[in-house]
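K.L.:
Pasting run23.cif here (mmCIF, C-alpha atoms and all ligand atoms):
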data_target
#
loop_
_atom_site.label_atom_id
_atom_site.label_comp_id
_atom_site.auth_asym_id
_atom_site.auth_seq_id
_atom_site.Cartn_x
_atom_site.Cartn_y
_atom_site.Cartn_z
CA MET A 1230 107.94 9.38 5.83
CA LYS A 1231 106.32 8.89 9.17
CA ARG A 1232 104.90 12.41 9.02
CA THR A 1233 103.44 11.96 5.63
CA PHE A 1234 101.99 8.63 6.73
CA ARG A 1235 100.44 10.30 9.76
CA LYS A 1236 99.05 13.08 7.59
CA LEU A 1237 97.61 10.48 5.26
CA LEU A 1238 96.15 8.62 8.18
CA VAL A 1239 94.57 11.82 9.54
CA LEU A 1240 93.15 12.61 6.13
CA LEU A 1241 91.80 9.10 5.80
CA VAL A 1242 90.14 9.25 9.21
CA ALA A 1243 88.70 12.68 8.40
CA ALA A 1244 87.38 11.41 5.09
CA ALA A 1245 85.93 8.35 6.76
CA LEU A 1246 84.24 10.54 9.36
CA LEU A 1247 82.80 12.83 6.69
CA PHE A 1248 81.53 9.90 4.68
CA GLY A 1249 80.04 8.38 7.78
CA LEU A 1250 78.27 11.60 8.69
CA SER A 1251 76.90 12.17 5.22
CA SER A 1252 75.54 8.66 5.00
CA CYS A 1253 74.17 9.20 8.41
CA PHE A 1254 72.32 12.31 7.16
CA GLU A 1255 71.18 10.37 4.18
CA PHE A 1256 69.76 7.71 6.44
CA LEU A 1257 68.13 10.37 8.54
CA ASN A 1258 66.66 11.94 5.45
CA GLN A 1259 65.35 8.62 4.39
CA THR A 1260 63.71 7.93 7.72
CA THR A 1261 62.02 11.30 7.72
CA GLU A 1262 60.83 10.60 4.24
CA THR A 1263 59.37 7.29 5.18
CA THR A 1264 57.82 8.70 8.30
CA THR A 1265 56.17 11.42 6.31
CA VAL A 1266 54.87 8.82 3.89
CA ARG A 1267 53.56 6.81 6.75
CA ALA A 1268 52.13 9.89 8.29
CA THR A 1269 50.14 10.82 5.22
CA GLU A 1270 49.11 7.31 4.21
CA PRO A 1271 47.04 6.47 7.26
CA LYS A 1272 45.40 9.85 6.90
CA THR A 1273 44.33 9.37 3.31
CA GLU A 1274 43.36 5.73 3.78
CA PRO A 1275 40.64 6.13 6.39
CA ALA A 1276 39.53 9.32 4.74
CA THR A 1277 38.82 7.77 1.37
CA THR A 1278 37.83 4.28 2.46
CA PRO A 1279 34.80 4.97 4.63
CA ALA A 1280 33.75 7.87 2.47
CA THR A 1281 33.40 5.96 -0.77
CA GLU A 1282 32.90 2.35 0.25
CA PRO A 1283 29.77 2.52 2.39
CA LYS A 1284 28.24 4.94 -0.06
CA THR A 1285 28.60 2.71 -3.07
CA GLU A 1286 27.91 -0.55 -1.25
CA PRO A 1287 24.38 0.05 0.02
CA ALA A 1288 23.60 2.04 -3.07
CA THR A 1289 24.40 -0.76 -5.46
CA THR A 1290 23.27 -3.67 -3.32
CA PRO A 1291 19.57 -2.87 -3.07
CA ALA A 1292 19.64 -1.50 -6.57
CA THR A 1293 20.84 -4.65 -8.25
CA GLU A 1294 19.30 -7.16 -5.87
CA PRO A 1295 15.66 -6.53 -6.64
CA ALA A 1296 16.47 -6.51 -10.31
CA THR A 1297 18.19 -9.87 -10.30
CA THR A 1298 16.63 -11.80 -7.42
CA PRO A 1299 13.72 -14.12 -8.21
CA VAL A 1300 11.52 -11.86 -6.09
CA THR A 1301 10.53 -9.90 -9.14
CA GLU A 1302 9.97 -12.98 -11.26
CA PRO A 1303 6.36 -13.64 -10.27
CA LYS A 1304 5.67 -10.06 -11.23
CA THR A 1305 7.21 -10.40 -14.64
CA GLU A 1306 4.82 -13.22 -15.50
CA PRO A 1307 1.91 -10.92 -16.24
CA ALA A 1308 4.28 -8.67 -18.16
CA THR A 1309 3.42 -10.56 -21.31
CA THR A 1310 -0.21 -9.57 -21.05
CA PRO A 1311 -1.19 -6.07 -22.05
CA ALA A 1312 -3.23 -5.64 -18.90
CA THR A 1313 -0.28 -5.55 -16.60
CA ALA A 1314 1.99 -3.65 -18.93
CA THR A 1315 1.48 -0.53 -16.87
CA GLU A 1316 1.86 -2.50 -13.72
CA THR A 1317 5.19 -3.93 -14.71
CA ALA A 1318 6.53 -0.55 -15.69
CA PRO A 1319 7.17 0.39 -12.08
CA LEU A 1320 8.31 -3.15 -11.42
CA SER A 1321 11.17 -3.00 -13.83
CA GLU A 1322 12.37 0.19 -12.27
CA PRO A 1323 13.79 -0.95 -8.95
CA GLY A 1324 17.17 -1.09 -10.63
CA THR A 1325 17.09 2.56 -11.50
CA GLU A 1326 15.03 3.69 -8.58
CA PRO A 1327 17.81 4.10 -6.03
CA ALA A 1328 19.59 6.28 -8.57
CA THR A 1329 16.67 8.66 -8.79
CA ALA A 1330 15.67 8.28 -5.17
CA PRO A 1331 18.17 10.84 -3.83
CA GLU A 1332 16.67 13.43 -6.20
CA SER A 1333 13.16 12.93 -4.95
CA GLY A 1334 14.47 12.06 -1.51
CA PRO A 1335 13.55 15.30 0.19
CA VAL A 1336 9.99 15.01 -1.05
CA ALA A 1337 9.40 11.34 -0.37
CA THR A 1338 10.65 11.26 3.18
CA GLY A 1339 8.81 8.05 3.89
CA GLU A 1340 10.90 6.33 1.31
CA THR A 1341 14.19 7.26 2.92
CA THR A 1342 12.87 6.29 6.33
CA ALA A 1343 11.84 2.94 4.95
CA GLU A 1344 15.26 2.44 3.41
CA GLY A 1345 16.95 3.58 6.56
CA THR A 1346 15.08 1.07 8.66
CA GLY A 1347 15.66 -1.64 6.08
CA GLU A 1348 11.96 -1.82 5.30
CA ALA A 1349 12.35 -1.04 1.62
CA LYS A 1350 10.93 -3.91 -0.39
CA PRO A 1351 11.41 -4.85 -4.02
CA LYS A 1352 8.43 -3.90 -6.12
CA GLY A 1353 7.12 -7.44 -6.29
CA GLU A 1354 6.45 -7.57 -2.58
CA ILE A 1355 4.13 -5.86 -0.16
CA GLY A 1356 5.90 -2.72 0.99
CA GLY A 1357 5.96 1.03 0.69
CA ASN A 1358 4.79 3.73 3.05
CA LEU A 1359 1.17 3.29 1.96
CA GLN A 1360 -0.47 -0.11 1.63
CA ILE A 1361 -4.12 -0.78 0.87
CA HIS A 1362 -5.17 -4.36 1.52
CA PHE A 1363 -8.40 -5.87 0.19
CA ILE A 1364 -8.84 -8.85 2.45
CA GLU A 1365 -10.46 -12.18 1.65
CA LEU A 1366 -13.07 -13.03 4.23
CA GLY A 1367 -12.69 -16.77 4.60
CA ASN A 1368 -16.06 -17.75 3.22
CA TYR A 1369 -18.27 -17.95 0.16
CA TYR A 1370 -20.07 -14.71 0.96
CA THR A 1371 -19.42 -11.34 -0.60
CA GLY A 1372 -18.30 -8.57 1.73
CA ASP A 1373 -15.89 -5.69 2.24
CA CYS A 1374 -12.88 -5.43 4.47
CA VAL A 1375 -10.16 -2.96 3.53
CA TYR A 1376 -7.13 -2.47 5.72
CA ILE A 1377 -4.90 0.53 5.09
CA LYS A 1378 -1.43 0.94 6.51
CA ALA A 1379 -0.33 4.56 6.14
CA GLY A 1380 3.10 4.91 7.69
CA GLU A 1381 2.54 3.58 11.21
CA THR A 1382 -1.18 4.37 11.15
CA ASP A 1383 -3.68 1.52 10.84
CA ILE A 1384 -7.05 2.17 9.21
CA LEU A 1385 -9.86 -0.35 8.78
CA ILE A 1386 -12.79 0.19 6.43
CA ASP A 1387 -15.58 -2.31 7.12
CA ALA A 1388 -15.41 -5.85 8.44
CA GLY A 1389 -17.71 -8.16 6.48
CA SER A 1390 -18.99 -10.56 5.48
CA LYS A 1391 -20.27 -12.63 8.44
CA TYR A 1392 -19.69 -12.85 12.18
CA SER A 1393 -17.51 -15.82 11.36
CA SER A 1394 -15.16 -13.68 9.24
CA VAL A 1395 -13.58 -12.10 12.31
CA PRO A 1396 -10.86 -14.72 12.93
CA THR A 1397 -9.80 -14.51 9.27
CA ILE A 1398 -9.68 -10.71 9.40
CA ALA A 1399 -7.87 -10.65 12.75
CA ALA A 1400 -5.26 -13.17 11.61
CA TYR A 1401 -4.56 -10.96 8.63
CA LEU A 1402 -4.50 -7.70 10.59
CA ASN A 1403 -2.19 -9.09 13.24
CA GLU A 1404 0.55 -9.44 10.64
CA TYR A 1405 0.59 -5.65 10.35
CA VAL A 1406 -1.05 -4.10 13.40
CA THR A 1407 1.76 -4.32 15.92
CA ASP A 1408 0.27 -2.26 18.77
CA ASN A 1409 -3.23 -3.76 18.77
CA THR A 1410 -4.63 -0.37 17.88
CA LEU A 1411 -6.63 0.71 14.86
CA GLU A 1412 -6.14 4.45 14.75
CA TYR A 1413 -9.11 4.88 12.41
CA VAL A 1414 -12.14 2.71 11.78
CA ILE A 1415 -14.70 3.50 9.09
CA VAL A 1416 -18.00 1.62 9.06
CA THR A 1417 -19.56 2.52 5.73
CA HIS A 1418 -23.14 1.34 6.25
CA ALA A 1419 -25.38 -0.95 8.23
CA HIS A 1420 -25.30 -4.05 6.04
CA GLU A 1421 -24.07 -7.38 7.33
CA ASP A 1422 -21.47 -7.78 4.58
CA HIS A 1423 -19.80 -4.57 5.84
CA TYR A 1424 -20.34 -4.39 9.57
CA ALA A 1425 -20.89 -7.94 10.86
CA GLY A 1426 -17.31 -8.06 12.14
CA PHE A 1427 -17.96 -5.08 14.39
CA ALA A 1428 -21.17 -6.54 15.79
CA ALA A 1429 -19.73 -10.01 16.46
CA SER A 1430 -19.44 -11.20 20.06
CA GLU A 1431 -15.64 -11.35 19.85
CA GLY A 1432 -15.57 -8.67 17.20
CA ILE A 1433 -13.17 -6.03 15.95
CA PHE A 1434 -14.04 -3.60 18.75
CA ASP A 1435 -13.29 -6.31 21.31
CA LEU A 1436 -10.00 -7.33 19.72
CA TYR A 1437 -8.53 -3.89 18.99
CA GLU A 1438 -8.38 -0.50 20.59
CA CYS A 1439 -9.82 2.05 18.25
CA GLY A 1440 -8.82 5.70 18.02
CA VAL A 1441 -11.39 7.38 15.78
CA ILE A 1442 -14.57 5.68 14.61
CA ILE A 1443 -16.36 7.20 11.63
CA ASP A 1444 -19.64 5.57 10.70
CA PHE A 1445 -22.83 6.06 8.69
CA ALA A 1446 -25.17 8.90 9.61
CA GLN A 1447 -28.34 7.25 8.33
CA THR A 1448 -29.87 3.81 8.45
CA ASN A 1449 -33.18 2.08 7.88
CA GLN A 1450 -32.28 -0.60 10.41
CA LYS A 1451 -34.62 -0.90 13.36
CA GLU A 1452 -32.98 -0.54 16.72
CA THR A 1453 -34.41 -3.91 17.65
CA ALA A 1454 -32.65 -5.65 14.77
CA LYS A 1455 -30.15 -8.04 16.32
CA MET A 1456 -27.06 -7.17 14.33
CA TYR A 1457 -27.74 -3.45 14.42
CA SER A 1458 -28.31 -3.37 18.16
CA ASN A 1459 -25.17 -5.47 18.65
CA TYR A 1460 -23.24 -3.00 16.54
CA ILE A 1461 -24.47 0.02 18.48
CA ALA A 1462 -23.66 -1.66 21.81
CA LYS A 1463 -20.15 -2.65 20.72
CA ARG A 1464 -19.46 0.74 19.17
CA ASP A 1465 -20.70 2.63 22.21
CA ALA A 1466 -18.59 0.46 24.50
CA GLU A 1467 -15.56 1.38 22.40
CA ILE A 1468 -16.49 5.06 22.68
CA ALA A 1469 -16.84 4.67 26.45
CA ALA A 1470 -13.38 3.12 26.46
CA GLY A 1471 -11.95 6.27 24.89
CA ALA A 1472 -12.56 6.13 21.15
CA THR A 1473 -13.61 9.32 19.37
CA HIS A 1474 -16.77 8.94 17.33
CA TYR A 1475 -18.08 10.90 14.37
CA THR A 1476 -20.79 10.03 11.94
CA ALA A 1477 -19.90 11.05 8.40
CA LEU A 1478 -22.40 13.89 8.80
CA ASP A 1479 -20.62 15.05 12.00
CA CYS A 1480 -17.40 15.24 9.98
CA ILE A 1481 -19.07 17.49 7.41
CA GLU A 1482 -20.96 19.65 9.90
CA GLN A 1483 -18.02 20.06 12.27
CA GLY A 1484 -15.52 20.64 9.50
CA LYS A 1485 -13.55 17.57 10.56
CA THR A 1486 -13.27 16.12 7.09
CA ASP A 1487 -9.50 15.92 6.71
CA PHE A 1488 -7.31 13.65 8.77
CA ALA A 1489 -3.54 13.73 8.40
CA VAL A 1490 -3.15 10.00 8.94
CA ALA A 1491 0.56 9.90 8.21
CA GLU A 1492 3.23 12.26 6.97
CA GLY A 1493 2.09 13.37 3.52
CA ILE A 1494 -1.03 11.19 3.56
CA ASN A 1495 -4.47 12.74 3.95
CA MET A 1496 -7.76 10.96 4.56
CA LYS A 1497 -10.76 13.04 3.47
CA ILE A 1498 -14.33 12.18 4.36
CA LEU A 1499 -16.19 13.24 1.22
CA ASN A 1500 -19.53 14.94 1.34
CA SER A 1501 -22.49 12.83 0.29
CA TYR A 1502 -26.14 13.71 -0.08
CA TYR A 1503 -27.30 10.66 1.85
CA TYR A 1504 -25.47 11.57 5.05
CA ALA A 1505 -28.16 14.14 5.80
CA ASN A 1506 -30.95 12.54 3.77
CA LYS A 1507 -32.29 9.09 4.34
CA ASP A 1508 -32.65 6.80 1.33
CA SER A 1509 -35.65 4.69 2.22
CA SER A 1510 -34.92 2.31 -0.65
CA GLY A 1511 -31.94 0.77 1.14
CA GLU A 1512 -28.69 1.22 3.05
CA ASN A 1513 -26.20 1.43 0.21
CA ASN A 1514 -26.44 5.14 -0.49
CA HIS A 1515 -25.81 5.89 3.19
CA SER A 1516 -22.22 4.68 2.66
CA VAL A 1517 -19.40 6.76 4.08
CA CYS A 1518 -17.18 7.86 1.18
CA MET A 1519 -13.50 8.56 1.60
CA LEU A 1520 -10.66 9.86 -0.55
CA LEU A 1521 -7.10 9.05 0.45
CA THR A 1522 -4.37 11.23 -1.02
CA GLU A 1523 -0.60 10.92 -1.05
CA GLY A 1524 1.12 13.47 -3.24
CA GLU A 1525 -0.27 13.13 -6.74
CA ASN A 1526 -1.93 9.79 -6.02
CA ASN A 1527 -5.59 9.47 -5.03
CA TYR A 1528 -7.50 6.43 -3.81
CA LEU A 1529 -11.31 6.34 -3.65
CA PHE A 1530 -13.55 4.25 -1.39
CA THR A 1531 -17.32 4.59 -1.75
CA GLY A 1532 -18.63 1.55 0.11
CA ASP A 1533 -21.79 0.37 -1.64
CA LEU A 1534 -22.80 3.77 -2.99
CA GLU A 1535 -25.10 3.40 -5.98
CA ALA A 1536 -25.69 5.49 -9.10
CA LYS A 1537 -27.91 8.16 -7.56
CA GLY A 1538 -25.49 8.54 -4.64
CA GLU A 1539 -22.54 8.67 -7.05
CA LYS A 1540 -24.27 11.44 -9.01
CA LYS A 1541 -24.52 13.52 -5.84
CA LEU A 1542 -20.97 12.62 -4.86
CA VAL A 1543 -19.68 14.01 -8.14
CA GLU A 1544 -21.77 17.18 -7.70
CA MET A 1545 -20.81 17.80 -4.08
CA ASN A 1546 -17.07 17.11 -4.27
CA ASP A 1547 -14.23 18.10 -6.52
CA LEU A 1548 -13.23 14.53 -7.31
CA PRO A 1549 -9.83 13.99 -8.90
CA HIS A 1550 -8.41 11.30 -11.14
CA VAL A 1551 -7.71 8.28 -8.98
CA VAL A 1552 -5.02 5.63 -9.10
CA LEU A 1553 -7.29 3.22 -7.24
CA TYR A 1554 -11.05 2.85 -7.01
CA LYS A 1555 -12.59 0.22 -4.79
CA ALA A 1556 -15.41 -0.92 -7.03
CA GLY A 1557 -18.63 0.39 -5.53
CA HIS A 1558 -21.03 -2.25 -4.25
CA HIS A 1559 -18.84 -5.23 -5.21
CA GLY A 1560 -19.05 -4.53 -8.94
CA SER A 1561 -22.84 -4.31 -8.95
CA LYS A 1562 -24.73 -3.13 -12.02
CA THR A 1563 -26.18 -0.36 -9.88
CA SER A 1564 -22.82 1.24 -9.02
CA SER A 1565 -19.72 2.48 -10.87
CA SER A 1566 -21.86 4.70 -13.10
CA ASP A 1567 -20.41 6.48 -16.10
CA GLU A 1568 -21.01 9.75 -14.27
CA LEU A 1569 -18.56 8.75 -11.58
CA LEU A 1570 -16.09 6.84 -13.76
CA SER A 1571 -15.75 9.63 -16.32
CA VAL A 1572 -14.58 11.95 -13.53
CA ILE A 1573 -12.28 9.62 -11.58
CA THR A 1574 -10.92 7.65 -14.59
CA PRO A 1575 -9.49 4.91 -12.38
CA GLU A 1576 -6.25 3.07 -13.15
CA ILE A 1577 -6.65 0.17 -10.75
CA VAL A 1578 -9.99 -1.26 -9.64
CA CYS A 1579 -10.38 -3.75 -6.81
CA VAL A 1580 -13.60 -5.71 -6.41
CA CYS A 1581 -14.38 -7.30 -3.05
CA CYS A 1582 -16.72 -10.18 -3.84
CA CYS A 1583 -17.11 -13.89 -4.34
CA ALA A 1584 -17.24 -13.86 -8.13
CA GLY A 1585 -20.13 -15.75 -9.67
CA SER A 1586 -21.83 -16.73 -6.44
CA SER A 1587 -25.63 -16.95 -6.41
CA GLU A 1588 -25.86 -15.23 -3.04
CA TYR A 1589 -27.80 -12.26 -4.40
CA THR A 1590 -29.10 -13.40 -7.78
CA LYS A 1591 -29.51 -16.38 -10.07
CA THR A 1592 -29.18 -14.19 -13.15
CA GLU A 1593 -25.72 -14.90 -14.49
CA GLU A 1594 -24.88 -11.45 -15.85
CA ASN A 1595 -25.90 -9.77 -12.58
CA LYS A 1596 -23.70 -11.87 -10.37
CA PHE A 1597 -20.72 -9.93 -9.02
CA PRO A 1598 -18.76 -8.58 -10.82
CA THR A 1599 -21.63 -7.84 -13.18
CA GLN A 1600 -21.52 -7.58 -16.96
CA ALA A 1601 -22.78 -3.98 -16.73
CA PHE A 1602 -19.88 -3.09 -14.39
CA VAL A 1603 -17.40 -4.76 -16.72
CA ASP A 1604 -18.77 -2.86 -19.73
CA ARG A 1605 -18.49 0.50 -17.97
CA ILE A 1606 -15.08 -0.04 -16.40
CA ALA A 1607 -13.39 -1.54 -19.48
CA PRO A 1608 -12.86 1.76 -21.37
CA HIS A 1609 -10.91 3.10 -18.39
CA THR A 1610 -8.63 0.24 -17.44
CA ARG A 1611 -7.86 -3.46 -17.75
CA ARG A 1612 -6.43 -3.57 -14.28
CA VAL A 1613 -9.42 -5.02 -12.45
CA TYR A 1614 -8.74 -7.37 -9.54
CA VAL A 1615 -11.22 -9.58 -7.69
CA THR A 1616 -10.63 -11.13 -4.28
CA THR A 1617 -12.55 -14.43 -4.31
CA ILE A 1618 -14.41 -16.77 -6.65
CA SER A 1619 -17.28 -19.17 -6.04
CA VAL A 1620 -16.55 -22.85 -6.65
CA SER A 1621 -19.94 -24.35 -5.86
CA ASP A 1622 -23.21 -22.66 -4.97
CA GLU A 1623 -24.59 -25.90 -3.59
CA ASP A 1624 -21.68 -26.55 -1.27
CA LYS A 1625 -20.98 -22.86 -0.65
CA THR A 1626 -17.35 -23.45 -1.49
CA PHE A 1627 -14.96 -20.81 -2.72
CA GLN A 1628 -11.36 -20.19 -3.66
CA SER A 1629 -9.09 -17.20 -4.19
CA MET A 1630 -9.32 -15.34 -7.45
CA ASN A 1631 -6.57 -12.74 -6.95
CA GLY A 1632 -6.77 -13.49 -3.23
CA ASN A 1633 -5.78 -10.75 -0.83
CA ILE A 1634 -5.00 -7.78 -3.04
CA THR A 1635 -2.55 -5.16 -1.82
CA VAL A 1636 -2.01 -1.86 -3.59
CA CYS A 1637 1.33 -0.45 -2.46
CA SER A 1638 2.86 2.99 -2.90
CA ASP A 1639 6.22 4.52 -2.09
CA GLY A 1640 4.85 7.99 -2.73
CA THR A 1641 5.34 7.94 -6.47
CA GLU A 1642 5.29 4.39 -7.81
CA VAL A 1643 2.23 2.23 -7.20
CA TRP A 1644 2.27 -1.55 -7.54
CA VAL A 1645 -0.13 -4.41 -6.87
CA VAL A 1646 0.64 -7.60 -5.00
CA CYS A 1647 -1.84 -10.50 -5.02
CA SER A 1648 -1.67 -13.46 -2.66
CA ALA A 1649 -3.04 -15.89 -5.27
CA SER A 1650 -3.09 -15.12 -8.99
CA ASP A 1651 -1.73 -12.00 -10.68
CA LEU A 1652 -4.14 -12.29 -13.62
CA VAL A 1653 -6.44 -9.34 -14.09
CA LEU A 1654 -10.14 -10.10 -14.49
CA CYS A 1655 -10.21 -10.14 -18.30
CA GLU A 1656 -7.44 -12.77 -18.38
CA THR A 1657 -9.20 -15.26 -16.16
CA ALA A 1658 -10.97 -18.45 -17.24
CA TRP A 1659 -14.00 -17.31 -15.24
CA PHE A 1660 -14.26 -14.14 -17.31
CA GLU A 1661 -13.84 -16.06 -20.55
CA GLU A 1662 -16.66 -18.38 -19.61
CA LYS A 1663 -19.08 -16.10 -17.81
CA ARG A 1664 -18.72 -12.64 -19.34
CA THR A 1665 -18.88 -11.05 -22.76
CA ARG A 1666 -15.63 -9.34 -23.57
CA PRO A 1667 -16.12 -5.59 -24.12
CA ALA A 1668 -14.45 -3.95 -27.12
CA ALA A 1669 -11.93 -2.16 -24.92
CA TRP A 1670 -10.72 -5.49 -23.61
CA GLN A 1671 -10.19 -7.12 -27.01
CA ASN A 1672 -6.44 -7.57 -27.16
ZN ZN A 1701 -21.99 -4.70 0.35
#
Any chance you could put this one into structure tokens?

P.N.:
Amino acid sequence: MKRTFRKLLVLLVAAALLFGLSSCFEFLNQTTETTTVRATEPKTEPATTPATEPKTEPATTPATEPATTPVTEPKTEPATTPATATETAPLSEPGTEPATAPESGPVATGETTAEGTGEAKPKGEIGGNLQIHFIELGNYYTGDCVYIKAGETDILIDAGSKYSSVPTIAAYLNEYVTDNTLEYVIVTHAHEDHYAGFAASEGIFDLYECGVIIDFAQTNQKETAKMYSNYIAKRDAEIAAGATHYTALDCIEQGKTDFAVAEGINMKILNSYYYANKDSSGENNHSVCMLLTEGENNYLFTGDLEAKGEKKLVEMNDLPHVVLYKAGHHGSKTSSSDELLSVITPEIVCVCCCAGSSEYTKTEENKFPTQAFVDRIAPHTRRVYVTTISVSDEDKTFQSMNGNITVCSDGTEVWVVCSASDLVLCETAWFEEKRTRPAAWQN
């Protein structure tokens, strides 16, 4: 009995041991299982999380934000008018733009840089790698001042309209010119409304360092004329301080017509008959003419060139279709000839003037922008913008029409931002009252 009991006891102990061991193995198996799970989990987690999350987050955030934020709202206002229909087309695209951006990414490098540095702006704001600013001049007088920001390069074309315009121009420029240097300065011709700011006592050449100065090759101004002699003195001081100087004729004769002002952006000094030939009838045809090109987009600046100069310009250059044309001679009846317009077929036209002022004439239809200009431009585009408008000839008061006009480009899309009104010329009360609507601008 005792033996069998012992045997039973031994068997029981053995069984218990076996059971214990097996459960022990089971436990071990389980722990290895869990450790392997743990081992793989942390691996997959960081691998998938950073890979997908940051990609989708910045991609969707800028994409949806511009589309929904009120930033684009001011731009949608003119969407109801036919004139800005083309303008709003690019505006409504910010939502889809980031989706297509990677495709065109390699081409439009500026775009990716801008996004990378957080400088990308919704299409209702001033932004883009190329910006062309038509600046109001702070007074009742017509004049030109065009500031171009091409990448990090600052270009100034003219600085009118009076000596007293300089503080207004400088205040504007200082928002954008961060290193106090204008890499390129173009002085189109020797008329006060274009070069006063350079001849002023505390003028542009005093306030900024200038890299390359390109100015008119001909003038009828006498060297004793106060403003002209001031200009020459200021310009020459800037050259002595290290600026490079070419007249437009030098550019042609020395083959220095093309300036790579920024990556993918070329500034071309066009050939013009009146660089080498004096026009004794006035200064306007001596204007330096320039074509700016970024990819497929062209932008034309002809100063105050008039019809006979435009005729030669067309003959002497292979002018392309342009996105932007700065209206020659402030929308004068003597410029923007059919010969020029039929070649360049502009999409956007910016007029630098004080609309309706009697500064140059009392004849209503010849006040800038003239009826003749309106009639010739209308078949090409409705997108005509004007900086300033006269309020009273007696008091010499003025107000913004479109205000400061900025044409922006990201390399493909081009959009317009105005500091005052977004209405194009044919939508304004001034136009309704003072001009006869051409057929092309009837609804
Ligand atoms: Zn002028």

K.L.:
Within 12 Å of ligand ZN 1701 (chain A), counting all atoms listed in the file: which residues, as an MDAnalysis selection string?

P.N.:
chainID A and resid 1370:1374 1387:1391 1416:1425 1511:1516 1531:1535 1555:1561 1563:1564 1580:1583 1588:1589 1597

K.L.:
One number please: CA of Leu1366 in chain A to CA of Gly1440 in chain A, in Å, one decimal.

P.N.:
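These atoms are spaced 23.6 Å apart.
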
K.L.:
So how many Å separate CA of Ser1501 in chain A and CA of Gly1538 in chain A, to one decimal?

P.N.:
7.2 Å

K.L.:
Residues around (-18.9, -16.2, -4.1), cut-off 10 Å, counting only C-alpha atoms - what are they as a ChimeraX atom specification?

P.N.:
/A:1368-1372,1582-1589,1596-1597,1616-1622,1625-1629

K.L.:
Write out as JSON, numbers by chain the residues lying within 7 Å of Phe1530 in chain A, counting only C-alpha atoms and excluding same-chain residues fewer than 5 positions away.

P.N.:
{"A": [1518, 1519, 1520, 1554, 1555]}

K.L.:
Would you compute the distance between CA of Cys1480 in chain A and CA of Ile1498 in chain A? Give it in Å to one decimal.

P.N.:
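The value is 7.1 Å.
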
K.L.:
Measuring between only C-alpha atoms, which one of A:Lys1507, A:Lys1541, A:Lys1591, A:Arg1605 shows the shortest distance to Leu1570 in chain A?

P.N.:
A:Arg1605

K.L.:
Extract, using only C-alpha atoms, all DNA, RNA and protein residues at most 7 Å from Leu1548 in chain A, discarding same-chain residues fewer than 2 positions from it, and format them as a list in words.

P.N.:
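Contacts, in chain order: Val1543, Asn1546, His1550, Val1572 and Ile1573 of chain A.
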
K.L.:
Rank nothing, just name the residue among A:Leu1478, A:Val1636, A:Leu1402, A:Val1643 nearest to Ile1361 in chain A, using all atoms listed in the file.

P.N.:
A:Val1636

K.L.:
Identify, on the basis of all atoms listed in the file, every residue whose closest approach to Glu1662 in chain A does not exceed 12 Å; exclude the query and any residue fewer than 6 positions from it along the same chain; express the result as a list in words.

P.N.:
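Listed by chain and then number, they are Gly1585, Glu1593, Glu1594, Leu1654, Cys1655 and Glu1656 of chain A.
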
K.L.:
Using all atoms listed in the file for the distances, tell me which of A:Ala1466, A:Thr1522, A:Met1545, A:Ile1386 is nearest to Ile1481 in chain A.

P.N.:
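Checking each of A:Ala1466, A:Thr1522, A:Met1545, A:Ile1386 against Ile1481 in chain A, counting all atoms listed in the file, the winner is A:Met1545.
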
K.L.:
May I have the residues within 7 Å of Gly1380 in chain A as a count of residues only, using only C-alpha atoms and disregarding those fewer than 4 positions away in the same chain?

P.N.:
3
